[in-house]
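Notes for the one structure printed next.
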Amino acid sequence: MMSVKPVAERVKETAEMRKAFCDTLLDIAATDRRVVVLDADLMSSIGTVKFMEKYPDRAFDVGVQEANMMGIAAGLSVTGKIPFAHTFGPFATRRAFDQVFLSCGYNRANVRIMGSDPGVTAAFNGGTHMPFEDMGLMRNIPEAILVEPADNVQLSALMKASMDRYGLFYFRISRKQVIKIYEEGSQFDFGRAVLLREGRDLTIIASGIMVDDGLKAAEILAQEGINARVVDSFCWKPIDREMVAAAARETGAIVTAENHNVINGLGSAVAEVVVEECPVPVERVGVQDRFGQVGPVDFLRREYGLTPDNIVAAARRVLARKRGGCC
Amino acid sequence: MLTEEKTRELRRLATRIRLETVKALGHLGFGHIGGTMSVAELLAVLYWEAMKVRPEDPQWPERDWLVCSKGHAGPAVYAALALRGYFPLTELLTINTPGTRFPSHCDRNLTIGVDMTTGSLGQGSSLAVGVALGLKIDDKPNNVYLILGDGEIQEGQVWEAIMFAGYRRLDNLIAFVDYNKQQLDGYTKDILDLGDVAGKFAAFGWQAFDVDGHSVAAIHRAVTEAKQTAGRPSVVVLNTVKGKDCVFAEGKKANHHVVISREDVEAAVSCLEKKLEELS
């Protein structure tokens, strides 16, 4: 059951997200022998070495073999294991897509795929390692559940919640420190978005690192007397249709914000619901169909338009369209 | 060692697998005839001698697993399963019809007794490795049998899985390469020659056998030795003939997937029935 408490003051997490990932794996494995950790030569990067030390019989570094790892994960799951298979986002999806689609998806395996360094957070690894398309690819897999946790509490809660479910899950996770959004003990449901801030003029729908930016944008807009609702749509699939439809109906304008290509991303998923349920103007903040490039995160955020200011500008555009009666 | 009687029985079963497969694909009018005919002896040895299975309890936890990575050999696997008692033979005639439990390529969620979904070549190798690893984690003695096509081993993923299984010493994994020397577009030697198949596996730490894939005795000997081998996985390279014993397919260059006329079926069925009589 969802039970969410946002933090009063959003500050940087003290722990990196990868620590939350490994700690949660250790937590789950302490009582659940089904957990198996797989990686394709990035255990040191995601911090699961500690897990390997504690459970050497349940952790496997397969080497640089993403395709093989996805098949092994599916095979393990058929014997009753619940594998968590990690590599960087582009390799977890684009590199091994047919294996993920068929061996994990079509085969109805019970697998959790962890794709790290979403979008611009791939920073200094540059364009080859910068997934603006991972969620877009994964959205095409029937029945797959896709989440992008905003902070450590949300990641940990979702990993634990997934243990009671069966199927293919894709977790899009940061490795480094992110901004804390939720208090310890918060619980989340797959397919249910979180209403973080009430508002009536428009709704900002975001996920991952863009949730904090969405809240910041709402604070800026508030100074201008604009009342923005903010929703954390951490679950891209299944998307929370009710929450999106309510946003369209009650606020009449939507801005989406994602660290991903706007094509086949969160904005697309939201727009699909809006046109089907209650057509209103939508503006999509995100990567405008471009490849990644190397650089520090702050530079990349500006370069690709992933800042609170970009969301504020989109909000003004969408409000003008709303007033103009043009959708 | 197989007794003479057992050998004859397995040969009969291999012929019946061919016969039922030809009838089912003939009823449909098209299908993957070449690569189903070449694995008949292997399936007879596996389902009637080598593998621990319980047709009345397909998910029996103590069973051995079969991953037919060359998923297009599904119809031969279904024929073997039907003959072994998993479901009635008449059901085979529904192959590829709407809503069938018997699709062209193996699907564990549709067919009773099928352990893994396959069809996109190469993927079954990693899936089999995953199953073998899962069984090892739980210290289970079950074996995993993996059937690869010869054209299939051109896929890079196969060699990822082979490297991993060799390094991890998965001695509960026994693979077969159906080396019928032909792939969809022609002969493997003309398209992408496989070279020394057994040698390639051996280089990755596998025990390798090279046998006549239409000799049930030779297959049985290799599998028996493979099962007794600790510390490394085994491969049995089966030298086979694509379309074996099917008069309209054997010896033809393009026999991977063919259209089958009523006359074709009648001729093939008659030949196979004659062969059955000779073996009884």
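Simple scheme: letters A, B, ... for chains in structure tokens order, numbers from 1 for residues in each chain, numbers from 1 for ligands in the order shown.
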Determine, using only C-alpha atoms, which residues of segment 201-239 of chain A have any atom at most 8 Å from an atom of segment 309-313 of chain A, and tabulate each with its shortest atom pair and distance in Å to one decimal place, rows ordered by chain and then rising number, as a tab-separated table.
```
residue	atom	partner	partner_atom	distance
A:Asp213	CA	A:Ile311	CA	7.8
A:Gly214	CA	A:Ile311	CA	6.9
A:Ala217	CA	A:Val312	CA	5.5
A:Ala218	CA	A:Val312	CA	7.7
A:Ile220	CA	A:Val312	CA	7.5
A:Leu221	CA	A:Val312	CA	6.8
```
inquiry  = Show me, as a PyMOL selection string, every residue of chain B with an atom at most 6 Å from chain A, counting only C-alpha atoms.
reply    = chain B and resi 117+126-127+129-131+134+161
Export all heavy atoms of the chosen residues as a CSV table (one decimal), in the first residue's frame?
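Written output follows (again-v4.csv):
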```csv
chain,number,residue,atom,x,y,z
B,117,THR,N,11.5,-21.3,-23.7
B,117,THR,CA,11.0,-20.6,-24.9
B,117,THR,C,12.2,-20.2,-25.7
B,117,THR,O,13.2,-19.5,-25.2
B,117,THR,CB,10.2,-19.3,-24.5
B,117,THR,OG1,9.1,-19.8,-23.7
B,117,THR,CG2,9.8,-18.6,-25.7
B,126,SER,N,22.3,-19.2,-23.4
B,126,SER,CA,22.4,-18.5,-22.1
B,126,SER,C,21.3,-18.9,-21.2
B,126,SER,O,21.5,-19.0,-20.0
B,126,SER,CB,22.3,-17.0,-22.4
B,126,SER,OG,23.3,-16.5,-23.3
B,127,LEU,N,20.1,-19.2,-21.7
B,127,LEU,CA,19.0,-19.6,-20.9
B,127,LEU,C,19.4,-21.0,-20.2
B,127,LEU,O,19.2,-21.2,-19.0
B,127,LEU,CB,17.7,-19.8,-21.7
B,127,LEU,CG,17.1,-18.5,-22.2
B,127,LEU,CD1,16.2,-18.7,-23.4
B,127,LEU,CD2,16.4,-17.8,-21.0
B,129,VAL,N,22.4,-22.1,-19.6
B,129,VAL,CA,23.4,-21.8,-18.6
B,129,VAL,C,22.8,-21.2,-17.4
B,129,VAL,O,23.2,-21.6,-16.2
B,129,VAL,CB,24.4,-20.8,-19.2
B,129,VAL,CG1,25.3,-20.2,-18.1
B,129,VAL,CG2,25.3,-21.4,-20.3
B,130,GLY,N,21.8,-20.4,-17.5
B,130,GLY,CA,21.1,-19.8,-16.3
B,130,GLY,C,20.4,-20.9,-15.5
B,130,GLY,O,20.5,-20.9,-14.3
B,131,VAL,N,19.8,-21.9,-16.2
B,131,VAL,CA,19.1,-23.0,-15.5
B,131,VAL,C,20.1,-23.8,-14.8
B,131,VAL,O,20.0,-24.2,-13.6
B,131,VAL,CB,18.3,-23.8,-16.5
B,131,VAL,CG1,17.7,-25.1,-15.8
B,131,VAL,CG2,17.1,-23.0,-17.1
B,134,GLY,N,21.3,-22.0,-11.8
B,134,GLY,CA,20.3,-22.0,-10.7
B,134,GLY,C,20.3,-23.4,-10.0
B,134,GLY,O,20.2,-23.4,-8.8
B,161,ALA,N,28.1,-17.7,-23.9
B,161,ALA,CA,27.6,-18.7,-22.9
B,161,ALA,C,28.6,-19.8,-22.8
B,161,ALA,O,28.8,-20.3,-21.6
B,161,ALA,CB,26.2,-19.2,-23.4
```
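By chain and then residue number, the residues within 7 Å of segment 137-150 of chain A are Thr93, Phe101, Gly105, Glu133, Asp134, Met135, Gln154, Leu155, Gly167, Leu168, Phe169, Tyr170, Phe171, Arg172, Ile173, Ser207, Gly208, Ile209, Val211, Phe234, Cys235, Trp236, Lys237 and Pro238 of chain A, counting only C-alpha atoms and disregarding those fewer than 2 positions away in sequence.
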Kindly save the residues from that selection, with N, CA and C atoms included, as a JSON list (two decimals), in the first residue's frame.
```
[["chain", "number", "residue", "atom", "x", "y", "z"],
["A", 93, "THR", "N", 19.78, -2.24, -22.01],
["A", 93, "THR", "CA", 18.59, -2.17, -22.88],
["A", 93, "THR", "C", 18.98, -2.28, -24.35],
["A", 101, "PHE", "N", 13.97, -8.64, -24.49],
["A", 101, "PHE", "CA", 12.61, -8.75, -25.02],
["A", 101, "PHE", "C", 12.13, -10.21, -25.01],
["A", 105, "GLY", "N", 11.26, -11.11, -21.42],
["A", 105, "GLY", "CA", 9.88, -10.67, -21.56],
["A", 105, "GLY", "C", 8.95, -11.75, -22.10],
["A", 133, "GLU", "N", 17.30, 6.77, -24.39],
["A", 133, "GLU", "CA", 16.33, 5.94, -25.11],
["A", 133, "GLU", "C", 16.01, 4.64, -24.37],
["A", 134, "ASP", "N", 16.62, 4.41, -23.21],
["A", 134, "ASP", "CA", 16.44, 3.11, -22.54],
["A", 134, "ASP", "C", 14.99, 2.83, -22.16],
["A", 135, "MET", "N", 14.33, 3.85, -21.60],
["A", 135, "MET", "CA", 12.93, 3.64, -21.20],
["A", 135, "MET", "C", 12.05, 3.50, -22.45],
["A", 154, "GLN", "N", 12.85, 5.73, -2.26],
["A", 154, "GLN", "CA", 11.94, 5.22, -3.29],
["A", 154, "GLN", "C", 12.53, 3.98, -3.97],
["A", 155, "LEU", "N", 13.82, 4.02, -4.26],
["A", 155, "LEU", "CA", 14.48, 2.87, -4.88],
["A", 155, "LEU", "C", 14.34, 1.63, -4.00],
["A", 167, "GLY", "N", 7.50, -10.96, -12.83],
["A", 167, "GLY", "CA", 7.57, -10.37, -14.17],
["A", 167, "GLY", "C", 8.89, -9.67, -14.43],
["A", 168, "LEU", "N", 8.89, -8.90, -15.51],
["A", 168, "LEU", "CA", 10.09, -8.17, -15.92],
["A", 168, "LEU", "C", 10.00, -6.73, -15.43],
["A", 169, "PHE", "N", 10.98, -6.34, -14.63],
["A", 169, "PHE", "CA", 11.05, -4.98, -14.10],
["A", 169, "PHE", "C", 12.31, -4.30, -14.63],
["A", 170, "TYR", "N", 12.19, -3.04, -15.00],
["A", 170, "TYR", "CA", 13.37, -2.25, -15.34],
["A", 170, "TYR", "C", 13.46, -1.07, -14.38],
["A", 171, "PHE", "N", 14.57, -1.01, -13.67],
["A", 171, "PHE", "CA", 14.84, 0.09, -12.75],
["A", 171, "PHE", "C", 15.89, 1.00, -13.38],
["A", 172, "ARG", "N", 15.54, 2.26, -13.55],
["A", 172, "ARG", "CA", 16.48, 3.24, -14.12],
["A", 172, "ARG", "C", 17.06, 4.02, -12.94],
["A", 173, "ILE", "N", 18.31, 3.75, -12.62],
["A", 173, "ILE", "CA", 18.82, 4.30, -11.35],
["A", 173, "ILE", "C", 20.10, 5.11, -11.51],
["A", 207, "SER", "N", 9.98, 12.65, -13.25],
["A", 207, "SER", "CA", 10.49, 11.48, -12.54],
["A", 207, "SER", "C", 12.00, 11.59, -12.42],
["A", 208, "GLY", "N", 12.57, 10.75, -11.54],
["A", 208, "GLY", "CA", 14.02, 10.72, -11.37],
["A", 208, "GLY", "C", 14.57, 12.07, -10.92],
["A", 209, "ILE", "N", 15.69, 12.46, -11.52],
["A", 209, "ILE", "CA", 16.34, 13.70, -11.10],
["A", 209, "ILE", "C", 15.49, 14.93, -11.44],
["A", 211, "VAL", "N", 12.37, 15.36, -10.68],
["A", 211, "VAL", "CA", 11.33, 15.61, -9.68],
["A", 211, "VAL", "C", 11.69, 16.85, -8.86],
["A", 234, "PHE", "N", 7.04, 8.18, -11.11],
["A", 234, "PHE", "CA", 8.22, 7.30, -11.11],
["A", 234, "PHE", "C", 7.98, 6.04, -11.93],
["A", 235, "CYS", "N", 6.72, 5.64, -12.05],
["A", 235, "CYS", "CA", 6.40, 4.43, -12.81],
["A", 235, "CYS", "C", 5.93, 4.85, -14.21],
["A", 236, "TRP", "N", 6.80, 4.62, -15.19],
["A", 236, "TRP", "CA", 6.46, 5.02, -16.56],
["A", 236, "TRP", "C", 5.52, 4.02, -17.20],
["A", 237, "LYS", "N", 5.59, 2.79, -16.70],
["A", 237, "LYS", "CA", 4.72, 1.76, -17.25],
["A", 237, "LYS", "C", 4.48, 0.70, -16.19],
["A", 238, "PRO", "N", 3.24, 0.39, -15.79],
["A", 238, "PRO", "CA", 2.05, 1.07, -16.28],
["A", 238, "PRO", "C", 1.98, 2.48, -15.71]]
```
inquiry  = Excluding Ile179 of chain A and its own-chain neighbours fewer than 2 positions away, which residues fall within 12 Å of it when counting only C-alpha atoms? Please give them as a VMD selection string.
reply    = chain A and resid 6 to 7 9 to 17 149 to 154 174 176 to 177 181 to 183 208 to 213 215 to 216
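Atom CA of Ala157 of chain A is positioned 11.3 Å from atom CA of Asp27 of chain A.
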Kindly provide the residues of segment 38-142 of chain B that approach segment 219-242 of chain B to within 8 Å, each paired with its closest atom pair and their distance in Å to one decimal, based on only C-alpha atoms, listed by chain and increasing number, as a Markdown table.
```
| residue | atom | partner | partner_atom | distance |
| --- | --- | --- | --- | --- |
| B:Ser38 | CA | B:Lys242 | CA | 5.2 |
| B:Val39 | CA | B:Thr240 | CA | 7.9 |
| B:Leu42 | CA | B:Ile219 | CA | 6.8 |
| B:Val45 | CA | B:His220 | CA | 6.3 |
| B:Glu49 | CA | B:His220 | CA | 7.9 |
| B:Ala50 | CA | B:Val223 | CA | 7.2 |
```
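In terms of minimum interatomic distance to Leu25 of chain A, A:Val49 ranks closest within A:Met130, A:Ala40, A:Ala8, A:Val49, counting only C-alpha atoms.
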ask   = So which residues touch Tyr304 of chain A within 10 Å, counting only C-alpha atoms, skipping near sequence neighbours fewer than 4 positions away, as a VMD selection string?
value = chain A and resid 120 259 to 261 285 to 292 299 to 300 310
Produce a file of the selected residues containing N, CA and C atoms, as a PDB file, in the first residue's frame.
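Output saved as selection.pdb:
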```pdb
ATOM      1  N   VAL A 120      21.723  12.278 -18.656  1.00  0.00           N
ATOM      2  CA  VAL A 120      22.901  13.136 -18.479  1.00  0.00           C
ATOM      3  C   VAL A 120      23.786  12.724 -17.308  1.00  0.00           C
ATOM      4  N   ASN A 259      14.611  13.155 -17.999  1.00  0.00           N
ATOM      5  CA  ASN A 259      16.036  13.087 -18.343  1.00  0.00           C
ATOM      6  C   ASN A 259      16.190  12.000 -19.411  1.00  0.00           C
ATOM      7  N   HIS A 260      15.543  12.218 -20.570  1.00  0.00           N
ATOM      8  CA  HIS A 260      15.354  11.162 -21.574  1.00  0.00           C
ATOM      9  C   HIS A 260      14.886  11.848 -22.840  1.00  0.00           C
ATOM     10  N   ASN A 261      14.991  11.177 -23.951  1.00  0.00           N
ATOM     11  CA  ASN A 261      14.433  11.703 -25.189  1.00  0.00           C
ATOM     12  C   ASN A 261      12.927  11.888 -25.016  1.00  0.00           C
ATOM     13  N   VAL A 285       9.308  18.803 -21.544  1.00  0.00           N
ATOM     14  CA  VAL A 285      10.704  19.167 -21.261  1.00  0.00           C
ATOM     15  C   VAL A 285      11.512  17.876 -21.242  1.00  0.00           C
ATOM     16  N   GLY A 286      12.609  17.875 -21.969  1.00  0.00           N
ATOM     17  CA  GLY A 286      13.447  16.668 -22.037  1.00  0.00           C
ATOM     18  C   GLY A 286      14.399  16.810 -23.200  1.00  0.00           C
ATOM     19  N   VAL A 287      15.085  15.756 -23.526  1.00  0.00           N
ATOM     20  CA  VAL A 287      16.056  15.783 -24.615  1.00  0.00           C
ATOM     21  C   VAL A 287      15.284  15.771 -25.933  1.00  0.00           C
ATOM     22  N   GLN A 288      15.559  16.772 -26.765  1.00  0.00           N
ATOM     23  CA  GLN A 288      14.777  16.940 -28.002  1.00  0.00           C
ATOM     24  C   GLN A 288      15.403  16.135 -29.138  1.00  0.00           C
ATOM     25  N   ASP A 289      15.282  14.825 -29.053  1.00  0.00           N
ATOM     26  CA  ASP A 289      15.733  13.908 -30.103  1.00  0.00           C
ATOM     27  C   ASP A 289      17.192  14.147 -30.494  1.00  0.00           C
ATOM     28  N   ARG A 290      18.054  14.128 -29.503  1.00  0.00           N
ATOM     29  CA  ARG A 290      19.496  14.322 -29.750  1.00  0.00           C
ATOM     30  C   ARG A 290      20.293  13.178 -29.142  1.00  0.00           C
ATOM     31  N   PHE A 291      21.540  12.999 -29.624  1.00  0.00           N
ATOM     32  CA  PHE A 291      22.473  12.048 -29.001  1.00  0.00           C
ATOM     33  C   PHE A 291      23.112  12.685 -27.771  1.00  0.00           C
ATOM     34  N   GLY A 292      23.694  11.859 -26.921  1.00  0.00           N
ATOM     35  CA  GLY A 292      24.393  12.354 -25.750  1.00  0.00           C
ATOM     36  C   GLY A 292      25.764  12.894 -26.115  1.00  0.00           C
ATOM     37  N   PHE A 299      26.576  21.148 -16.994  1.00  0.00           N
ATOM     38  CA  PHE A 299      26.665  21.577 -18.386  1.00  0.00           C
ATOM     39  C   PHE A 299      25.635  20.834 -19.232  1.00  0.00           C
ATOM     40  N   LEU A 300      25.556  19.519 -19.026  1.00  0.00           N
ATOM     41  CA  LEU A 300      24.652  18.710 -19.840  1.00  0.00           C
ATOM     42  C   LEU A 300      23.185  19.074 -19.583  1.00  0.00           C
ATOM     43  N   ASN A 310      13.926  25.667 -17.521  1.00  0.00           N
ATOM     44  CA  ASN A 310      13.285  25.098 -18.711  1.00  0.00           C
ATOM     45  C   ASN A 310      11.849  24.693 -18.417  1.00  0.00           C
TER      46      ASN A 310
END
```
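Rounded to one decimal, atom CA of Leu19 of chain B and atom CA of Gln59 of chain B lie 27.2 Å from each other.
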